[in-house]
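What follows is the content of model01.json (JSON, C-alpha atoms and all ligand atoms).
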```json
[["chain", "number", "residue", "atom", "x", "y", "z"],
["A", 1, "MET", "CA", 16.85, 30.02, -15.27],
["A", 2, "ASN", "CA", 13.55, 31.90, -15.32],
["A", 3, "PRO", "CA", 11.74, 30.87, -12.08],
["A", 4, "ARG", "CA", 8.44, 30.16, -13.91],
["A", 5, "LEU", "CA", 10.27, 27.86, -16.34],
["A", 6, "TYR", "CA", 12.01, 26.14, -13.43],
["A", 7, "ALA", "CA", 8.68, 25.63, -11.66],
["A", 8, "ALA", "CA", 7.09, 24.23, -14.82],
["A", 9, "ALA", "CA", 10.04, 21.86, -15.35],
["A", 10, "LEU", "CA", 9.82, 20.69, -11.73],
["A", 11, "LEU", "CA", 6.08, 20.06, -11.94],
["A", 12, "LEU", "CA", 6.60, 18.09, -15.15],
["A", 13, "SER", "CA", 9.58, 16.14, -13.80],
["A", 14, "VAL", "CA", 7.51, 14.56, -11.02],
["A", 15, "SER", "CA", 4.85, 13.23, -13.42],
["A", 16, "ALA", "CA", 6.76, 9.98, -13.84],
["A", 17, "HIS", "CA", 7.03, 9.50, -10.06],
["A", 18, "ALA", "CA", 3.35, 10.35, -9.58],
["A", 19, "ALA", "CA", 2.44, 7.19, -11.50],
["A", 20, "THR", "CA", 4.27, 5.06, -8.92],
["A", 21, "PRO", "CA", 2.53, 5.10, -5.53],
["A", 22, "GLY", "CA", 4.94, 5.66, -2.69],
["A", 23, "ALA", "CA", 7.70, 7.13, -4.88],
["A", 24, "PHE", "CA", 7.38, 10.83, -4.26],
["A", 25, "PRO", "CA", 10.46, 13.03, -4.17],
["A", 26, "ASP", "CA", 10.26, 15.34, -1.18],
["A", 27, "VAL", "CA", 10.80, 18.58, -3.10],
["A", 28, "PRO", "CA", 9.09, 21.84, -2.10],
["A", 29, "THR", "CA", 6.11, 22.78, -4.27],
["A", 30, "PRO", "CA", 7.12, 25.83, -6.34],
["A", 31, "TYR", "CA", 4.86, 28.72, -7.31],
["A", 32, "LEU", "CA", 3.29, 28.08, -10.68],
["A", 33, "PRO", "CA", -0.10, 29.75, -11.11],
["A", 34, "SER", "CA", -2.99, 27.83, -12.66],
["A", 35, "THR", "CA", -4.22, 29.22, -15.96],
["A", 36, "GLU", "CA", -7.57, 31.01, -16.06],
["A", 37, "ILE", "CA", -9.07, 27.92, -17.71],
["A", 38, "ALA", "CA", -7.63, 25.61, -15.05],
["A", 39, "VAL", "CA", -9.02, 27.80, -12.25],
["A", 40, "ASP", "CA", -12.49, 27.68, -13.80],
["A", 41, "GLU", "CA", -12.40, 23.93, -14.49],
["A", 42, "MET", "CA", -11.46, 23.20, -10.87],
["A", 43, "LEU", "CA", -14.29, 25.32, -9.48],
["A", 44, "ARG", "CA", -16.77, 23.96, -12.02],
["A", 45, "LEU", "CA", -15.81, 20.33, -11.31],
["A", 46, "ALA", "CA", -16.37, 20.93, -7.60],
["A", 47, "GLY", "CA", -19.88, 22.25, -8.36],
["A", 48, "THR", "CA", -18.99, 25.46, -6.51],
["A", 49, "GLY", "CA", -21.91, 27.68, -5.48],
["A", 50, "PRO", "CA", -22.86, 30.54, -3.15],
["A", 51, "ASP", "CA", -23.10, 28.25, -0.09],
["A", 52, "ASP", "CA", -19.50, 27.10, -0.43],
["A", 53, "LEU", "CA", -16.34, 28.02, 1.40],
["A", 54, "VAL", "CA", -13.54, 27.29, -1.07],
["A", 55, "VAL", "CA", -10.12, 26.76, 0.48],
["A", 56, "ASP", "CA", -7.13, 26.75, -1.86],
["A", 57, "LEU", "CA", -4.19, 25.03, -0.18],
["A", 58, "GLY", "CA", -1.05, 26.74, -1.48],
["A", 59, "SER", "CA", -3.00, 29.67, -2.86],
["A", 60, "GLY", "CA", -0.25, 31.50, -4.79],
["A", 61, "ASP", "CA", -1.49, 34.92, -5.91],
["A", 62, "GLY", "CA", -5.03, 34.12, -4.77],
["A", 63, "ARG", "CA", -6.56, 33.51, -8.18],
["A", 64, "VAL", "CA", -8.59, 30.37, -7.30],
["A", 65, "VAL", "CA", -10.08, 31.95, -4.19],
["A", 66, "ILE", "CA", -10.80, 35.24, -5.98],
["A", 67, "ALA", "CA", -12.48, 33.46, -8.92],
["A", 68, "ALA", "CA", -14.58, 31.38, -6.48],
["A", 69, "ALA", "CA", -15.97, 34.62, -5.00],
["A", 70, "ARG", "CA", -16.19, 36.66, -8.20],
["A", 71, "ASP", "CA", -17.52, 34.00, -10.61],
["A", 72, "TYR", "CA", -19.37, 31.54, -8.33],
["A", 73, "GLY", "CA", -20.56, 33.73, -5.45],
["A", 74, "ALA", "CA", -18.71, 31.57, -2.90],
["A", 75, "ARG", "CA", -16.57, 32.62, 0.05],
["A", 76, "GLY", "CA", -12.90, 31.77, -0.08],
["A", 77, "LEU", "CA", -9.82, 31.21, 2.01],
["A", 78, "GLY", "CA", -6.27, 30.91, 0.71],
["A", 79, "ILE", "CA", -3.41, 29.41, 2.69],
["A", 80, "GLU", "CA", 0.01, 30.23, 1.34],
["A", 81, "ILE", "CA", 3.51, 29.82, 2.75],
["A", 82, "ASP", "CA", 5.06, 32.79, 0.93],
["A", 83, "PRO", "CA", 4.17, 36.11, 2.66],
["A", 84, "LYS", "CA", 4.81, 38.12, -0.53],
["A", 85, "LEU", "CA", 2.19, 36.06, -2.37],
["A", 86, "VAL", "CA", -0.25, 36.56, 0.52],
["A", 87, "ALA", "CA", 0.17, 40.35, 0.25],
["A", 88, "GLU", "CA", -0.24, 40.11, -3.54],
["A", 89, "SER", "CA", -3.43, 38.03, -3.08],
["A", 90, "GLU", "CA", -4.94, 40.62, -0.74],
["A", 91, "ALA", "CA", -4.23, 43.40, -3.27],
["A", 92, "ASN", "CA", -5.68, 41.26, -6.08],
["A", 93, "ALA", "CA", -8.84, 40.59, -4.05],
["A", 94, "ARG", "CA", -9.35, 44.32, -3.41],
["A", 95, "GLN", "CA", -8.88, 45.04, -7.10],
["A", 96, "ALA", "CA", -11.41, 42.33, -8.02],
["A", 97, "GLY", "CA", -13.93, 43.82, -5.54],
["A", 98, "VAL", "CA", -14.24, 40.60, -3.47],
["A", 99, "ALA", "CA", -12.10, 41.51, -0.44],
["A", 100, "GLU", "CA", -15.06, 41.09, 1.97],
["A", 101, "ARG", "CA", -15.75, 37.54, 0.89],
["A", 102, "VAL", "CA", -12.21, 36.17, 0.87],
["A", 103, "ALA", "CA", -9.30, 35.88, 3.29],
["A", 104, "PHE", "CA", -5.69, 34.86, 2.96],
["A", 105, "ARG", "CA", -3.49, 33.40, 5.67],
["A", 106, "GLN", "CA", 0.23, 32.98, 5.63],
["A", 107, "GLY", "CA", 1.00, 29.48, 6.84],
["A", 108, "ASP", "CA", 1.90, 25.89, 6.12],
["A", 109, "VAL", "CA", -0.90, 23.78, 4.65],
["A", 110, "LEU", "CA", 0.33, 20.84, 6.73],
["A", 111, "THR", "CA", -0.60, 22.56, 9.99],
["A", 112, "ALA", "CA", -3.23, 25.17, 8.98],
["A", 113, "ASP", "CA", -6.87, 24.83, 10.08],
["A", 114, "TYR", "CA", -9.23, 24.46, 7.12],
["A", 115, "ARG", "CA", -11.97, 22.33, 8.69],
["A", 116, "ALA", "CA", -14.71, 24.78, 7.70],
["A", 117, "ALA", "CA", -14.09, 24.16, 3.97],
["A", 118, "THR", "CA", -16.82, 22.72, 1.77],
["A", 119, "VAL", "CA", -14.53, 22.73, -1.29],
["A", 120, "VAL", "CA", -10.74, 22.27, -1.19],
["A", 121, "THR", "CA", -8.57, 22.91, -4.24],
["A", 122, "LEU", "CA", -5.02, 21.62, -4.65],
["A", 123, "TYR", "CA", -2.30, 22.34, -7.19],
["A", 124, "LEU", "CA", 0.64, 20.87, -5.33],
["A", 125, "LEU", "CA", 3.38, 18.33, -5.95],
["A", 126, "PRO", "CA", 2.46, 14.69, -5.21],
["A", 127, "GLY", "CA", 4.66, 14.42, -2.10],
["A", 128, "LEU", "CA", 2.73, 17.25, -0.43],
["A", 129, "VAL", "CA", -0.63, 15.96, -1.68],
["A", 130, "GLU", "CA", 0.12, 12.58, -0.04],
["A", 131, "ARG", "CA", 1.18, 14.19, 3.22],
["A", 132, "LEU", "CA", -2.05, 16.20, 3.30],
["A", 133, "LYS", "CA", -4.31, 13.18, 2.75],
["A", 134, "PRO", "CA", -4.67, 11.84, 6.34],
["A", 135, "ARG", "CA", -5.78, 15.22, 7.68],
["A", 136, "LEU", "CA", -8.08, 15.91, 4.75],
["A", 137, "LEU", "CA", -9.83, 12.59, 5.39],
["A", 138, "ALA", "CA", -9.93, 12.92, 9.16],
["A", 139, "GLU", "CA", -10.82, 16.60, 9.50],
["A", 140, "LEU", "CA", -13.01, 17.60, 6.56],
["A", 141, "LYS", "CA", -16.75, 17.05, 6.83],
["A", 142, "PRO", "CA", -18.12, 14.07, 4.87],
["A", 143, "GLY", "CA", -19.25, 15.32, 1.47],
["A", 144, "THR", "CA", -16.57, 18.03, 1.22],
["A", 145, "ARG", "CA", -15.32, 18.11, -2.37],
["A", 146, "ILE", "CA", -11.60, 18.08, -3.07],
["A", 147, "VAL", "CA", -10.40, 18.98, -6.55],
["A", 148, "ALA", "CA", -6.79, 18.21, -7.44],
["A", 149, "HIS", "CA", -5.16, 19.81, -10.47],
["A", 150, "ASP", "CA", -2.73, 17.36, -12.15],
["A", 151, "TYR", "CA", -1.66, 15.43, -9.05],
["A", 152, "GLY", "CA", -4.27, 13.44, -7.16],
["A", 153, "PHE", "CA", -3.91, 10.90, -4.37],
["A", 154, "SER", "CA", -1.95, 7.76, -5.29],
["A", 155, "ASP", "CA", -4.34, 5.15, -3.90],
["A", 156, "TRP", "CA", -7.66, 7.01, -3.52],
["A", 157, "LYS", "CA", -9.74, 6.56, -6.66],
["A", 158, "PRO", "CA", -11.33, 9.86, -7.74],
["A", 159, "ASP", "CA", -15.13, 10.04, -7.91],
["A", 160, "HIS", "CA", -14.66, 11.74, -11.26],
["A", 161, "SER", "CA", -11.73, 12.88, -13.43],
["A", 162, "ILE", "CA", -11.76, 15.16, -16.43],
["A", 163, "VAL", "CA", -9.15, 16.20, -18.97],
["A", 164, "ILE", "CA", -9.48, 19.67, -20.44],
["A", 165, "SER", "CA", -5.92, 20.43, -21.56],
["A", 166, "LYS", "CA", -4.87, 19.48, -18.00],
["A", 167, "THR", "CA", -6.19, 16.73, -15.70],
["A", 168, "TYR", "CA", -8.50, 17.42, -12.75],
["A", 169, "HIS", "CA", -9.67, 14.89, -10.16],
["A", 170, "LEU", "CA", -12.74, 15.22, -7.93],
["A", 171, "TYR", "CA", -12.92, 13.42, -4.57],
["A", 172, "ARG", "CA", -15.78, 13.50, -2.07],
["A", 173, "VAL", "CA", -14.69, 13.00, 1.52],
["A", 174, "PRO", "CA", -16.45, 9.80, 2.63],
["A", 175, "ALA", "CA", -18.09, 9.30, 6.02],
["A", 176, "ALA", "CA", -16.34, 6.69, 8.17],
["A", 177, "VAL", "CA", -18.62, 3.62, 8.16],
["A", 178, "ALA", "CA", -16.29, 0.63, 8.54],
["A", 179, "GLY", "CA", -17.20, -1.66, 11.40],
["A", 180, "LYS", "CA", -20.10, -3.43, 13.06],
["A", 181, "TRP", "CA", -23.60, -1.97, 13.21],
["A", 182, "ARG", "CA", -26.96, -3.01, 14.66],
["A", 183, "LEU", "CA", -29.42, -2.46, 11.83],
["A", 184, "GLN", "CA", -33.12, -2.12, 12.65],
["A", 185, "ALA", "CA", -35.51, -1.94, 9.71],
["A", 186, "VAL", "CA", -39.26, -1.73, 9.24],
["A", 187, "LEU", "CA", -39.86, -4.14, 6.36],
["A", 188, "PRO", "CA", -43.20, -5.33, 4.92],
["A", 189, "ASP", "CA", -43.12, -8.42, 7.16],
["A", 190, "GLY", "CA", -42.50, -6.38, 10.31],
["A", 191, "GLU", "CA", -39.62, -4.99, 12.31],
["A", 192, "ARG", "CA", -36.31, -6.73, 11.81],
["A", 193, "GLU", "CA", -32.91, -6.50, 13.43],
["A", 194, "PHE", "CA", -29.63, -7.51, 11.79],
["A", 195, "ASP", "CA", -25.97, -7.56, 12.71],
["A", 196, "PHE", "CA", -24.57, -5.50, 9.85],
["A", 197, "GLU", "CA", -20.90, -5.21, 8.95],
["A", 198, "LEU", "CA", -19.08, -2.90, 6.55],
["A", 199, "GLU", "CA", -15.56, -2.79, 5.18],
["A", 200, "GLN", "CA", -14.38, 0.47, 3.66],
["A", 201, "ARG", "CA", -11.60, 1.73, 1.43],
["A", 202, "TYR", "CA", -12.22, 5.45, 0.97],
["A", 203, "GLN", "CA", -15.66, 5.68, -0.74],
["A", 204, "GLU", "CA", -15.71, 1.99, -1.70],
["A", 205, "ILE", "CA", -17.72, -0.14, 0.74],
["A", 206, "ARG", "CA", -18.83, -3.73, 1.00],
["A", 207, "GLY", "CA", -20.40, -5.90, 3.63],
["A", 208, "GLY", "CA", -23.64, -7.53, 4.61],
["A", 209, "ALA", "CA", -26.11, -8.57, 7.29],
["A", 210, "ARG", "CA", -26.06, -11.70, 9.42],
["A", 211, "VAL", "CA", -29.37, -13.53, 9.78],
["A", 212, "ALA", "CA", -30.15, -16.75, 11.60],
["A", 213, "GLY", "CA", -28.32, -19.42, 9.63],
["A", 214, "GLY", "CA", -27.10, -17.16, 6.87],
["A", 215, "TYR", "CA", -25.64, -13.98, 5.47],
["A", 216, "LEU", "CA", -27.22, -11.35, 3.20],
["A", 217, "PRO", "CA", -24.61, -9.52, 1.14],
["A", 218, "ALA", "CA", -25.14, -5.78, 0.74],
["A", 219, "PHE", "CA", -25.45, -5.48, -3.04],
["A", 220, "GLU", "CA", -24.66, -2.27, -4.93],
["A", 221, "ALA", "CA", -23.29, -0.71, -1.75],
["A", 222, "ARG", "CA", -22.45, 2.95, -2.35],
["A", 223, "LEU", "CA", -21.11, 5.77, -0.21],
["A", 224, "ALA", "CA", -21.04, 9.38, -1.44],
["A", 225, "GLY", "CA", -20.01, 11.74, 1.33],
["A", 226, "ASP", "CA", -22.55, 11.03, 4.09],
["A", 227, "ARG", "CA", -25.08, 9.31, 1.79],
["A", 228, "ILE", "CA", -25.21, 5.53, 1.87],
["A", 229, "ALA", "CA", -27.20, 3.05, -0.21],
["A", 230, "PHE", "CA", -27.30, -0.75, -0.49],
["A", 231, "VAL", "CA", -29.69, -3.57, -1.38],
["A", 232, "LEU", "CA", -30.43, -6.63, 0.77],
["A", 233, "VAL", "CA", -32.23, -9.56, -0.84],
["A", 234, "GLU", "CA", -34.22, -11.91, 1.38],
["A", 235, "GLY", "CA", -37.05, -14.35, 0.78],
["A", 236, "GLY", "CA", -37.34, -13.44, -2.90],
["A", 237, "ALA", "CA", -37.73, -9.69, -2.24],
["A", 238, "SER", "CA", -35.20, -6.91, -2.62],
["A", 239, "HIS", "CA", -35.00, -4.18, 0.01],
["A", 240, "ARG", "CA", -33.40, -0.94, -1.20],
["A", 241, "PHE", "CA", -31.85, 1.00, 1.66],
["A", 242, "GLU", "CA", -30.94, 4.68, 1.30],
["A", 243, "GLY", "CA", -29.87, 6.95, 4.08],
["A", 244, "ARG", "CA", -27.50, 9.36, 5.73],
["A", 245, "VAL", "CA", -24.60, 8.73, 8.06],
["A", 246, "GLN", "CA", -24.82, 10.92, 11.14],
["A", 247, "GLY", "CA", -21.50, 11.43, 12.87],
["A", 248, "THR", "CA", -19.68, 8.18, 13.53],
["A", 249, "LEU", "CA", -22.29, 6.35, 15.56],
["A", 250, "SER", "CA", -25.54, 6.24, 13.62],
["A", 251, "MET", "CA", -27.13, 6.22, 10.22],
["A", 252, "GLU", "CA", -30.77, 6.16, 9.15],
["A", 253, "GLY", "CA", -33.02, 6.45, 6.15],
["A", 254, "THR", "CA", -35.76, 4.83, 4.11],
["A", 255, "VAL", "CA", -36.10, 1.36, 2.64],
["A", 256, "ARG", "CA", -38.23, 0.43, -0.36],
["A", 257, "SER", "CA", -39.27, -3.22, -0.62],
["A", 258, "GLY", "CA", -40.78, -5.10, -3.50],
["A", 259, "PRO", "CA", -41.19, -4.70, -7.22],
["A", 260, "GLY", "CA", -42.42, -2.01, -9.57],
["A", 261, "ARG", "CA", -43.21, 1.64, -9.11],
["A", 262, "ASN", "CA", -45.09, 1.28, -5.85],
["A", 263, "PRO", "CA", -42.79, -0.57, -3.49],
["A", 264, "VAL", "CA", -43.63, -0.72, 0.19],
["A", 265, "ALA", "CA", -41.88, 2.13, 2.00],
["A", 266, "GLY", "CA", -40.27, 1.56, 5.37],
["A", 267, "SER", "CA", -37.55, 3.07, 7.48],
["A", 268, "TRP", "CA", -34.26, 1.93, 8.97],
["A", 269, "ARG", "CA", -31.74, 2.97, 11.53],
["A", 270, "ALA", "CA", -28.31, 1.60, 12.38],
["A", 271, "THR", "CA", -26.23, 2.23, 15.46],
["A", 272, "ARG", "CA", -22.58, 1.41, 15.70],
["A", 273, "VAL", "CA", -21.71, -1.49, 17.94],
["A", 274, "VAL", "CA", -19.12, -0.04, 20.25],
["A", 275, "ARG", "CA", -17.16, -2.61, 22.21],
["A", 276, "SER", "CA", -15.83, -1.48, 25.57],
["A", 277, "GLY", "CA", -12.37, -0.01, 24.94],
["A", 278, "ASP", "CA", -13.37, 1.37, 21.48],
["A", 279, "GLU", "CA", -14.64, 4.68, 22.80],
["A", 280, "GLY", "CA", -11.38, 6.45, 23.43],
["A", 301, "LIG", "C1", 1.72, 25.33, -8.05],
["A", 301, "LIG", "S1", 1.39, 26.75, -7.05],
["A", 301, "LIG", "C2", -0.37, 26.87, -7.16],
["A", 301, "LIG", "C3", -0.90, 28.24, -6.81],
["A", 301, "LIG", "C4", -2.43, 28.36, -6.88],
["A", 301, "LIG", "N1", -3.09, 27.38, -6.05],
["A", 301, "LIG", "C5", -2.92, 28.23, -8.29],
["A", 301, "LIG", "O1", -3.53, 27.17, -8.60],
["A", 301, "LIG", "O2", -2.69, 29.15, -9.08],
["A", 301, "LIG", "C6", 1.65, 26.06, -5.41],
["A", 301, "LIG", "C7", 1.67, 27.09, -4.29],
["A", 301, "LIG", "O3", 1.75, 26.39, -3.05],
["A", 301, "LIG", "C8", 2.61, 27.14, -2.18],
["A", 301, "LIG", "N2", 3.12, 26.18, -1.17],
["A", 301, "LIG", "C9", 4.03, 25.20, -1.34],
["A", 301, "LIG", "N3", 4.19, 24.51, -0.21],
["A", 301, "LIG", "C10", 3.35, 25.04, 0.71],
["A", 301, "LIG", "C11", 3.05, 24.74, 2.07],
["A", 301, "LIG", "N4", 3.64, 23.72, 2.72],
["A", 301, "LIG", "N5", 2.13, 25.49, 2.70],
["A", 301, "LIG", "C12", 1.52, 26.53, 2.05],
["A", 301, "LIG", "N6", 1.76, 26.86, 0.77],
["A", 301, "LIG", "C13", 2.66, 26.12, 0.10],
["A", 301, "LIG", "C14", 3.68, 27.69, -3.09],
["A", 301, "LIG", "O4", 4.32, 28.81, -2.51],
["A", 301, "LIG", "C15", 2.84, 28.04, -4.33],
["A", 301, "LIG", "O5", 2.36, 29.36, -4.26]]
```
Output the structure of this file as structure tokens.
Amino acid sequence: MNPRLYAAALLLSVSAHAATPGAFPDVPTPYLPSTEIAVDEMLRLAGTGPDDLVVDLGSGDGRVVIAAARDYGARGLGIEIDPKLVAESEANARQAGVAERVAFRQGDVLTADYRAATVVTLYLLPGLVERLKPRLLAELKPGTRIVAHDYGFSDWKPDHSIVISKTYHLYRVPAAVAGKWRLQAVLPDGEREFDFELEQRYQEIRGGARVAGGYLPAFEARLAGDRIAFVLVEGGASHRFEGRVQGTLSMEGTVRSGPGRNPVAGSWRATRVVRSGDEG
């Protein structure tokens, strides 16, 4: 059987399994290059630009990485297990005139170092996508965009999906915010301090603040990369918090209180409550 046809049949045959979380056949991902349109849709969906380092995990003949440099002005890195495809990618990059802005490494995506990425592209079978997920979440910087062609993560809801002949899913790596925080805020009635708690499932968060004799739910709580927003309502006023998560121990930002176009502006800061024994 023609190897391209075999690869296409294999990629199609796992579609049924991909719909069932946890049921992923452990078959090696074959080489099946993305079409020119697919390459462009992936890079476009990621919002690729000149400040990006695009890493294609399982980079085939290098086409995603080369297009990222040639068409979007980005830098690129391809990681590919097959040494012949790595050599082909290097030749293709020279031919496209982007050899200085891209690199290709022969290696296994499960062990390679791609922490510097700001965009990660994947066109891999679901079993491999699932095995990559823990490291992608733990090692990529919050806000890094991941675009998956056809097969996304089984239980991580994409931030955005599009269908243009094929399906593409965009994920933003969320900051880790689950846990207990001490929230200090400058509100119109003075400085306040709350015990604040968040639960997290990927980018979905919920929680609230404890106050004497009560609990203020965090309404409209949102996390996009390292940006966090939520609304606390107290004493008939809404306080709109927006801010940035810094590392794993603090977050801070601005809070707007009150109605209309001229709310009172304040600031807030939260530090993680670390119990002894949590540090290590
Ligand atoms: C479906 S092709 C996609 C190629 C390219 N990303 C594209 O979109 O055109 C998947 C590629 O991943 C490579 N691959 C499979 N398993 C890998 C692994 N564990 N580590 C690195 N590359 C792998 C295959 O050799 C193949 O070139």
Let me see if you get this right: every residue at most 7 Å from ligand LIG 301 (chain A), counting all atoms listed in the file, written as a short mmCIF file (atom, residue, chain, number, x, y, z; two decimals) with C-alpha atoms, keeping the file's coordinate frame.
```
data_model
loop_
_atom_site.label_atom_id
_atom_site.label_comp_id
_atom_site.auth_asym_id
_atom_site.auth_seq_id
_atom_site.Cartn_x
_atom_site.Cartn_y
_atom_site.Cartn_z
CA PRO A 28 9.09 21.84 -2.10
CA THR A 29 6.11 22.78 -4.27
CA PRO A 30 7.12 25.83 -6.34
CA TYR A 31 4.86 28.72 -7.31
CA LEU A 32 3.29 28.08 -10.68
CA PRO A 33 -0.10 29.75 -11.11
CA SER A 34 -2.99 27.83 -12.66
CA VAL A 39 -9.02 27.80 -12.25
CA ASP A 56 -7.13 26.75 -1.86
CA LEU A 57 -4.19 25.03 -0.18
CA GLY A 58 -1.05 26.74 -1.48
CA SER A 59 -3.00 29.67 -2.86
CA GLY A 60 -0.25 31.50 -4.79
CA ASP A 61 -1.49 34.92 -5.91
CA GLY A 62 -5.03 34.12 -4.77
CA ARG A 63 -6.56 33.51 -8.18
CA VAL A 64 -8.59 30.37 -7.30
CA ILE A 79 -3.41 29.41 2.69
CA GLU A 80 0.01 30.23 1.34
CA ILE A 81 3.51 29.82 2.75
CA ASP A 82 5.06 32.79 0.93
CA LEU A 85 2.19 36.06 -2.37
CA GLY A 107 1.00 29.48 6.84
CA ASP A 108 1.90 25.89 6.12
CA VAL A 109 -0.90 23.78 4.65
CA LEU A 110 0.33 20.84 6.73
CA LEU A 122 -5.02 21.62 -4.65
CA TYR A 123 -2.30 22.34 -7.19
CA LEU A 124 0.64 20.87 -5.33
#
```
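Going from CA of Ala209 (chain A) over to CA of Lys141 (chain A), you cover 27.3 Å.
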Scan for residues within 10 Å of the point (-12.9, 0.9, 1.0) in the coordinates of the file, using all atoms listed in the file, and reply as a ChimeraX atom specification. /A:156,174,176-178,198-206,223
For Lys157 (chain A), which residue among A:Leu170, A:Val55, A:Ala212, A:Ala270 is the nearest when counting only C-alpha atoms? A:Leu170
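Using all atoms listed in the file for every distance, the candidate list A:Val65, A:Val147, A:Pro134, A:Ile164 yields A:Ile164 as the residue closest to Ile37 (chain A).
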Hey, can you check how far CA of Asp226 (chain A) sits from CA of His239 (chain A)? 20.1 Å
All residues 10 Å or closer to Leu43 (chain A), only C-alpha atoms, same chain fewer than 3 positions away omitted, as an mmCIF file with C-alpha atoms, in the frame of the given file:
```cif
data_model
loop_
_atom_site.group_PDB
_atom_site.id
_atom_site.type_symbol
_atom_site.label_atom_id
_atom_site.label_comp_id
_atom_site.auth_asym_id
_atom_site.auth_seq_id
_atom_site.Cartn_x
_atom_site.Cartn_y
_atom_site.Cartn_z
ATOM 1 C CA ALA A 38 -7.630 25.610 -15.050
ATOM 2 C CA VAL A 39 -9.020 27.800 -12.250
ATOM 3 C CA ASP A 40 -12.490 27.680 -13.800
ATOM 4 C CA ALA A 46 -16.370 20.930 -7.600
ATOM 5 C CA GLY A 47 -19.880 22.250 -8.360
ATOM 6 C CA THR A 48 -18.990 25.460 -6.510
ATOM 7 C CA GLY A 49 -21.910 27.680 -5.480
ATOM 8 C CA VAL A 54 -13.540 27.290 -1.070
ATOM 9 C CA VAL A 64 -8.590 30.370 -7.300
ATOM 10 C CA VAL A 65 -10.080 31.950 -4.190
ATOM 11 C CA ALA A 67 -12.480 33.460 -8.920
ATOM 12 C CA ALA A 68 -14.580 31.380 -6.480
ATOM 13 C CA ASP A 71 -17.520 34.000 -10.610
ATOM 14 C CA TYR A 72 -19.370 31.540 -8.330
ATOM 15 C CA VAL A 119 -14.530 22.730 -1.290
ATOM 16 C CA VAL A 120 -10.740 22.270 -1.190
ATOM 17 C CA THR A 121 -8.570 22.910 -4.240
ATOM 18 C CA VAL A 147 -10.400 18.980 -6.550
#
```
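When CA of Pro83 (chain A) is paired with CA of Ala116 (chain A), their separation reads 22.6 Å.
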